[in-house]
file entry20.txt (compact mmCIF, C-alpha atoms)
# COMPACT_ATOMS: atom_id res chain seq x y z
CA MET G 8 60.02 -23.34 24.28
CA THR G 9 63.70 -22.40 24.29
CA LYS G 10 64.50 -18.68 24.59
CA ILE G 11 67.46 -17.74 22.41
CA LEU G 12 69.23 -14.40 22.10
CA VAL G 13 70.51 -13.62 18.61
CA THR G 14 72.72 -10.54 18.49
CA GLY G 15 72.97 -8.95 15.07
CA ALA G 16 69.38 -10.04 14.33
CA ALA G 17 68.99 -7.42 11.58
CA GLY G 18 72.24 -8.59 9.99
CA PHE G 19 72.68 -10.95 7.07
CA ILE G 20 73.32 -14.21 8.94
CA GLY G 21 71.42 -13.15 12.07
CA SER G 22 68.15 -12.52 10.25
CA HIS G 23 68.32 -15.89 8.47
CA LEU G 24 69.16 -17.66 11.74
CA ALA G 25 66.37 -15.96 13.70
CA GLY G 26 63.87 -17.01 11.04
CA ARG G 27 64.98 -20.64 11.19
CA LEU G 28 64.83 -20.72 14.99
CA LEU G 29 61.30 -19.27 14.90
CA ASP G 30 60.32 -21.89 12.31
CA ARG G 31 61.19 -24.66 14.73
CA GLY G 32 59.29 -23.10 17.64
CA ASP G 33 61.94 -21.23 19.63
CA GLU G 34 61.38 -17.83 21.21
CA VAL G 35 63.91 -15.42 19.71
CA VAL G 36 65.04 -12.11 21.15
CA GLY G 37 67.21 -9.95 18.92
CA ILE G 38 69.73 -7.24 19.67
CA ASP G 39 70.83 -4.97 16.84
CA ASN G 40 71.83 -1.31 16.87
CA LEU G 41 71.04 -0.83 13.15
CA ASN G 42 74.31 1.04 12.58
CA ASP G 43 75.09 2.66 9.25
CA TYR G 44 78.15 0.63 8.22
CA TYR G 45 76.01 -0.31 5.21
CA ASP G 46 72.45 0.44 3.99
CA VAL G 47 70.25 0.76 7.08
CA GLN G 48 67.10 0.22 5.01
CA LEU G 49 68.26 -3.27 4.11
CA LYS G 50 68.66 -4.02 7.82
CA LYS G 51 65.22 -2.59 8.59
CA ASP G 52 63.66 -4.72 5.85
CA ARG G 53 65.29 -7.88 7.21
CA LEU G 54 64.05 -6.99 10.68
CA ALA G 55 60.53 -6.21 9.44
CA ARG G 56 60.17 -9.77 8.14
CA LEU G 57 61.02 -11.09 11.62
CA GLU G 58 58.79 -8.63 13.47
CA GLN G 59 55.76 -10.06 11.66
CA ARG G 60 56.38 -13.35 13.44
CA GLU G 61 55.14 -14.44 16.85
CA ASN G 62 57.78 -15.00 19.53
CA PHE G 63 60.23 -12.44 18.14
CA ARG G 64 61.22 -9.02 19.44
CA ASN G 65 64.30 -6.86 19.02
CA TYR G 66 66.19 -4.42 21.25
CA GLN G 67 67.83 -1.59 19.29
CA VAL G 68 70.93 -1.17 21.46
CA SER G 69 74.70 -1.52 21.05
CA LEU G 70 76.61 -4.38 22.64
CA GLU G 71 79.12 -1.97 24.14
CA ASP G 72 76.37 -0.37 26.28
CA ARG G 73 77.28 -2.40 29.35
CA ASP G 74 74.46 -1.46 31.71
CA VAL G 75 71.72 -1.92 29.11
CA ILE G 76 73.07 -5.32 28.01
CA ALA G 77 73.30 -6.45 31.64
CA ASP G 78 69.68 -5.37 32.22
CA ILE G 79 68.48 -7.29 29.14
CA PHE G 80 70.20 -10.46 30.32
CA ARG G 81 68.74 -10.12 33.82
CA LYS G 82 65.25 -9.46 32.50
CA GLU G 83 65.08 -12.08 29.74
CA LYS G 84 66.92 -15.06 31.30
CA PHE G 85 68.05 -16.58 27.98
CA ASP G 86 68.58 -20.32 27.68
CA ARG G 87 71.13 -19.96 24.87
CA VAL G 88 72.92 -17.11 23.14
CA VAL G 89 74.23 -16.72 19.58
CA ASN G 90 76.51 -13.70 19.18
CA LEU G 91 76.66 -12.57 15.55
CA ALA G 92 76.79 -8.81 16.14
CA ALA G 93 80.19 -7.37 15.27
CA GLN G 94 81.89 -4.69 13.25
CA ALA G 95 82.48 -6.62 10.05
CA GLY G 96 84.86 -6.12 7.15
CA VAL G 97 88.60 -6.59 6.72
CA ARG G 98 89.31 -3.47 4.65
CA TYR G 99 87.22 -1.16 6.84
CA SER G 100 89.38 -2.14 9.82
CA LEU G 101 92.24 -0.23 8.18
CA ILE G 102 90.08 2.92 8.16
CA ASN G 103 88.19 2.79 11.45
CA PRO G 104 90.04 0.48 13.87
CA HIS G 105 88.30 1.82 16.98
CA ALA G 106 84.93 0.50 15.77
CA TYR G 107 86.37 -3.03 16.03
CA MET G 108 87.53 -2.53 19.58
CA ASP G 109 84.17 -1.12 20.66
CA SER G 110 81.91 -3.75 19.12
CA ASN G 111 84.07 -6.85 18.80
CA ILE G 112 86.03 -6.62 22.07
CA VAL G 113 84.04 -4.47 24.53
CA GLY G 114 80.72 -5.73 23.15
CA PHE G 115 81.77 -9.38 23.32
CA MET G 116 82.99 -8.84 26.88
CA ASN G 117 79.49 -7.69 27.83
CA ILE G 118 77.96 -10.79 26.22
CA LEU G 119 80.32 -13.06 28.15
CA GLU G 120 79.44 -11.31 31.41
CA GLY G 121 75.73 -11.58 30.67
CA CYS G 122 76.07 -15.31 30.03
CA ARG G 123 78.20 -15.84 33.12
CA HIS G 124 75.85 -14.12 35.54
CA ASN G 125 72.58 -15.50 34.16
CA ASP G 126 73.16 -19.25 33.83
CA VAL G 127 73.18 -19.38 30.02
CA GLU G 128 73.44 -23.01 28.87
CA HIS G 129 75.57 -22.39 25.78
CA LEU G 130 77.16 -19.42 24.01
CA VAL G 131 77.79 -19.79 20.29
CA TYR G 132 79.64 -16.90 18.64
CA ALA G 133 80.86 -15.91 15.20
CA SER G 134 84.57 -16.07 14.61
CA SER G 135 85.98 -15.83 11.08
CA SER G 136 88.19 -17.59 8.53
CA SER G 137 90.28 -14.39 8.64
CA VAL G 138 91.91 -15.65 11.88
CA TYR G 139 94.07 -17.95 9.74
CA GLY G 140 95.92 -14.84 8.58
CA ALA G 141 99.40 -15.64 7.30
CA ASN G 142 98.80 -19.42 7.42
CA THR G 143 99.37 -21.13 4.06
CA THR G 144 98.77 -24.81 4.89
CA MET G 145 95.51 -25.79 3.15
CA PRO G 146 92.84 -26.66 4.00
CA PHE G 147 92.71 -24.50 7.12
CA SER G 148 92.20 -26.68 10.19
CA VAL G 149 90.85 -25.61 13.58
CA HIS G 150 93.80 -27.54 15.02
CA HIS G 151 96.33 -25.22 13.32
CA ASN G 152 98.02 -22.36 15.18
CA VAL G 153 96.42 -19.00 14.29
CA ASP G 154 98.74 -16.50 15.95
CA HIS G 155 99.53 -14.39 12.87
CA PRO G 156 96.48 -12.30 11.88
CA VAL G 157 96.96 -9.81 9.04
CA SER G 158 94.08 -7.42 9.85
CA LEU G 159 92.68 -5.89 13.02
CA TYR G 160 89.33 -7.51 12.21
CA ALA G 161 91.03 -10.92 12.28
CA ALA G 162 92.83 -10.04 15.51
CA SER G 163 89.52 -9.07 17.14
CA LYS G 164 88.00 -12.43 16.18
CA LYS G 165 91.00 -14.34 17.51
CA ALA G 166 90.65 -12.29 20.70
CA ASN G 167 87.01 -13.42 20.97
CA GLU G 168 88.15 -17.05 20.91
CA LEU G 169 90.68 -16.39 23.67
CA MET G 170 88.16 -14.48 25.77
CA ALA G 171 85.58 -17.26 25.38
CA HIS G 172 88.11 -19.87 26.47
CA THR G 173 88.88 -17.87 29.59
CA TYR G 174 85.20 -17.82 30.57
CA SER G 175 84.81 -21.52 29.77
CA HIS G 176 87.85 -22.24 31.97
CA LEU G 177 87.05 -19.92 34.88
CA TYR G 178 83.27 -20.21 35.07
CA GLY G 179 82.39 -23.43 33.25
CA LEU G 180 80.47 -21.50 30.57
CA PRO G 181 80.10 -23.74 27.49
CA THR G 182 81.27 -21.76 24.44
CA THR G 183 81.52 -22.67 20.76
CA GLY G 184 83.28 -20.44 18.23
CA LEU G 185 82.40 -20.74 14.54
CA ARG G 186 84.88 -19.65 11.90
CA PHE G 187 82.68 -18.63 8.96
CA PHE G 188 84.10 -18.75 5.43
CA THR G 189 82.92 -16.01 2.98
CA VAL G 190 79.17 -16.17 3.46
CA TYR G 191 76.84 -15.18 0.62
CA GLY G 192 73.19 -15.52 -0.38
CA PRO G 193 69.85 -13.66 -0.41
CA TRP G 194 69.68 -10.59 1.88
CA GLY G 195 73.49 -10.49 1.80
CA ARG G 196 75.81 -7.63 2.73
CA PRO G 197 76.35 -4.81 0.19
CA ASP G 198 80.08 -4.62 1.03
CA MET G 199 80.72 -8.23 -0.08
CA ALA G 200 82.00 -9.25 -3.52
CA MET G 201 78.82 -11.09 -4.57
CA PHE G 202 76.69 -7.99 -3.98
CA LEU G 203 79.21 -5.51 -5.40
CA PHE G 204 79.77 -7.53 -8.59
CA THR G 205 76.08 -8.17 -9.20
CA SER G 206 75.02 -4.54 -8.77
CA ALA G 207 77.88 -3.22 -10.92
CA ILE G 208 77.31 -5.70 -13.77
CA LEU G 209 73.56 -5.04 -13.86
CA GLU G 210 74.19 -1.26 -13.92
CA GLY G 211 77.04 -1.40 -16.44
CA ARG G 212 79.71 -0.19 -14.01
CA PRO G 213 83.23 -1.70 -13.87
CA ILE G 214 84.14 -4.07 -11.04
CA ASP G 215 87.39 -4.04 -9.05
CA VAL G 216 89.09 -7.44 -9.30
CA PHE G 217 91.77 -7.68 -6.62
CA ASN G 218 94.92 -9.80 -6.86
CA HIS G 219 94.26 -9.84 -10.63
CA GLY G 220 91.48 -12.37 -10.11
CA LYS G 221 93.73 -14.95 -8.44
CA MET G 222 91.97 -14.82 -5.08
CA ARG G 223 90.38 -18.12 -4.00
CA ARG G 224 87.55 -18.16 -1.47
CA ASP G 225 85.59 -20.94 0.18
CA PHE G 226 82.25 -19.28 -0.62
CA THR G 227 79.61 -20.67 1.76
CA TYR G 228 75.88 -20.31 1.18
CA VAL G 229 73.95 -18.71 4.01
CA ASP G 230 71.54 -21.64 4.49
CA ASP G 231 74.54 -23.92 5.08
CA ILE G 232 75.95 -21.47 7.62
CA VAL G 233 72.64 -21.34 9.48
CA GLU G 234 72.34 -25.12 9.53
CA GLY G 235 75.83 -25.33 11.00
CA VAL G 236 75.01 -22.71 13.63
CA ILE G 237 71.85 -24.52 14.73
CA ARG G 238 73.52 -27.92 14.89
CA THR G 239 76.38 -26.62 17.01
CA LEU G 240 73.99 -24.58 19.17
CA ASP G 241 72.10 -27.80 19.98
CA ASN G 242 75.36 -29.66 20.65
CA THR G 243 76.55 -27.93 23.83
CA ALA G 244 80.33 -27.69 24.11
CA THR G 245 81.88 -30.17 26.54
CA PRO G 246 85.42 -30.66 27.88
CA ASN G 247 87.87 -32.84 25.95
CA PRO G 248 89.14 -35.42 28.48
CA GLN G 249 92.14 -36.18 26.25
CA TRP G 250 93.29 -32.54 26.10
CA SER G 251 96.87 -32.08 27.24
CA GLY G 252 98.78 -28.92 28.08
CA ASP G 253 101.95 -30.66 26.83
CA ILE G 254 100.52 -30.83 23.29
CA PRO G 255 97.66 -28.30 23.42
CA ASP G 256 94.88 -28.63 20.84
CA SER G 257 93.63 -25.16 19.92
CA ALA G 258 90.11 -26.35 18.96
CA THR G 259 89.22 -28.03 22.28
CA SER G 260 90.09 -27.76 25.97
CA LYS G 261 89.74 -29.30 29.39
CA ALA G 262 87.08 -26.57 29.69
CA PRO G 263 83.72 -26.78 27.81
CA TYR G 264 85.09 -25.04 24.72
CA LYS G 265 84.98 -25.85 20.99
CA ILE G 266 86.00 -24.23 17.70
CA TYR G 267 84.61 -25.26 14.31
CA ASN G 268 85.07 -24.17 10.70
CA ILE G 269 81.89 -23.72 8.68
CA GLY G 270 82.92 -23.53 5.04
CA ASN G 271 81.99 -25.13 1.75
CA ASN G 272 85.24 -27.16 1.67
CA SER G 273 85.56 -26.25 -2.02
CA PRO G 274 87.40 -22.99 -2.80
CA VAL G 275 86.39 -21.02 -5.91
CA GLU G 276 88.69 -18.72 -7.88
CA LEU G 277 87.44 -15.15 -8.08
CA MET G 278 87.34 -15.25 -11.91
CA HIS G 279 85.08 -18.32 -11.78
CA LEU G 280 82.73 -16.49 -9.41
CA ILE G 281 82.63 -13.53 -11.82
CA GLU G 282 81.96 -15.83 -14.78
CA THR G 283 79.13 -17.52 -12.88
CA ILE G 284 77.53 -14.13 -12.10
CA GLU G 285 77.99 -13.04 -15.74
CA ASN G 286 76.39 -16.24 -17.04
CA THR G 287 73.47 -15.97 -14.63
CA ILE G 288 72.80 -12.31 -15.46
CA GLY G 289 73.58 -12.74 -19.17
CA LYS G 290 75.98 -9.80 -19.31
CA GLU G 291 79.77 -9.48 -19.28
CA ALA G 292 81.54 -7.47 -16.56
CA LYS G 293 83.91 -4.58 -17.19
CA LYS G 294 86.94 -5.40 -15.03
CA ASN G 295 89.55 -3.26 -13.27
CA MET G 296 92.39 -5.69 -12.50
CA LEU G 297 94.11 -4.58 -9.27
CA PRO G 298 96.76 -5.85 -6.84
CA ILE G 299 95.86 -7.56 -3.57
CA GLN G 300 94.64 -5.20 -0.84
CA PRO G 301 96.33 -4.81 2.57
CA GLY G 302 94.77 -7.19 5.09
CA ASP G 303 93.47 -9.62 2.45
CA VAL G 304 94.69 -13.19 2.15
CA PRO G 305 95.04 -14.85 -1.27
CA ALA G 306 93.08 -18.01 -0.45
CA THR G 307 90.76 -19.62 2.10
CA TYR G 308 89.79 -23.30 2.29
CA ALA G 309 87.98 -24.90 5.23
CA ASP G 310 88.70 -28.29 6.76
CA VAL G 311 85.27 -29.24 8.15
CA ASP G 312 86.06 -32.73 9.47
CA ASP G 313 85.29 -31.77 13.07
CA LEU G 314 81.92 -30.32 12.09
CA VAL G 315 81.05 -33.50 10.19
CA ASN G 316 82.23 -35.80 12.98
CA ASP G 317 80.59 -33.91 15.87
CA VAL G 318 77.27 -32.72 14.42
CA GLY G 319 76.94 -34.70 11.17
CA PHE G 320 76.81 -31.75 8.80
CA LYS G 321 78.87 -30.63 5.81
CA PRO G 322 77.98 -27.55 3.71
CA SER G 323 77.29 -28.55 0.12
CA THR G 324 75.51 -25.78 -1.84
CA SER G 325 77.29 -25.27 -5.19
CA ILE G 326 78.41 -21.82 -6.26
CA GLU G 327 76.12 -22.04 -9.32
CA GLU G 328 73.02 -22.75 -7.21
CA GLY G 329 73.92 -20.15 -4.60
CA VAL G 330 74.67 -17.40 -7.13
CA GLY G 331 71.39 -18.13 -8.91
CA ASN G 332 69.45 -17.78 -5.67
CA PHE G 333 71.25 -14.56 -4.74
CA ILE G 334 70.68 -12.90 -8.12
CA SER G 335 66.99 -13.89 -8.11
CA TRP G 336 66.62 -12.25 -4.69
CA TYR G 337 68.63 -9.17 -5.77
CA ARG G 338 66.50 -8.59 -8.87
CA ASP G 339 63.30 -8.98 -6.88
CA TYR G 340 64.39 -6.77 -3.96
CA TYR G 341 65.76 -3.96 -6.17
CA LYS G 342 63.06 -4.39 -8.85
CA GLN G 343 65.65 -5.02 -11.59
call {"tool": "encode", "arguments": {"input": "entry20.txt", "output": "structure tokens"}}
result
Amino acid sequence: MTKILVTGAAGFIGSHLAGRLLDRGDEVVGIDNLNDYYDVQLKKDRLARLEQRENFRNYQVSLEDRDVIADIFRKEKFDRVVNLAAQAGVRYSLINPHAYMDSNIVGFMNILEGCRHNDVEHLVYASSSSVYGANTTMPFSVHHNVDHPVSLYAASKKANELMAHTYSHLYGLPTTGLRFFTVYGPWGRPDMAMFLFTSAILEGRPIDVFNHGKMRRDFTYVDDIVEGVIRTLDNTATPNPQWSGDIPDSATSKAPYKIYNIGNNSPVELMHLIETIENTIGKEAKKNMLPIQPGDVPATYADVDDLVNDVGFKPSTSIEEGVGNFISWYRDYYKQ
């Protein structure tokens, strides 16, 4: 039995991932501080489903609590670690920047130290499509330069990739960073467009449509994200013997370090998403058409060739199927 730490186990992706790992017979230990960035009850309900299972337990602590995290690593002796805990949200990083430094930088530092000192086989961690920032070449490739973030959230995720590389280089710690593209699905986050639009349409409230509906996002269904996480977790990062400092490849290294995109490879215009939600619910949305928000990018589109070549997986859930599944869950959970 493999013992795996999943940080952010009460979160959207973390709870789905923990469930899948338990299904295949792994022992899963969660860490989640159950903070109030969004509805704590939703987090508790996700966690309650996991706590009914054998071979799962959760520590309610914050990643930035250095001594406690170090003690957990020493006590548990994890085989592998998946770090999904982070302060999420692009727009919130304009309001509360210090939260991103505490969780995403200090917290990730403590995870790296825990892995380093306790012989962890492989660290997989969540990065984000937001690291592409001001890039406009589509689709976004892990081999592109990503030195121009346009939000502090994006900068913190880019920093995680740099920190991970340092530990892979100095200590031989295998690390794999996963750039997630707009994840949605059942048990999703209330601050995301899918959730906001669905709740507003069902309740007859207007929705805010930024960039006048011309945003394009590579919406990726949560089951596809989880499959990608598990496949990369099982495929421990190794050095690239062809890597050269003369022409450095940002997605690999002479150290055991890898970066992958996990996206649907099929961007959807915001208006099409809204139409799909409207058609599924059977009700038209009232729309407030607004300009693009600071920190947002107009489009995302994932090149997933490396993921396909290395682990044989390509996300494929259509927006119609995914929206249908999300709205079925939403109506059931909120008794609508």
call {"tool": "closest_residue", "arguments": {"input": "entry20.txt", "among": "G:Pro181, G:Gly32, G:Gly331, G:Pro322", "to": "G:Asp310", "atoms": "all atoms listed in the file"}}
result
G:Pro322
call {"tool": "atom_distance", "arguments": {"input": "entry20.txt", "atom1": "atom CA of G:Tyr341", "atom2": "atom CA of G:Ser206"}}
result
9.6 Å
call {"tool": "atom_distance", "arguments": {"input": "entry20.txt", "atom1": "atom CA of G:Thr183", "atom2": "atom CA of G:Tyr132"}}
result
6.4 Å
call {"tool": "residues_around", "arguments": {"input": "entry20.txt", "residues": "stretch 244-252 of chain G", "least_positions_apart": "2", "cutoff": "8 Å", "atoms": "all atoms listed in the file", "output": "list in words"}}
result
His129, Pro181, Thr182, Thr183, Asn242, Ile254, Pro255, Asp256, Thr259, Ser260, Lys261, Ala262, Pro263, Tyr264 and Lys265 of chain G
call {"tool": "closest_residue", "arguments": {"input": "entry20.txt", "among": "G:Phe147, G:Phe63, G:Phe333, G:Tyr160", "to": "G:Asn103", "atoms": "only C-alpha atoms"}}
result
G:Tyr160
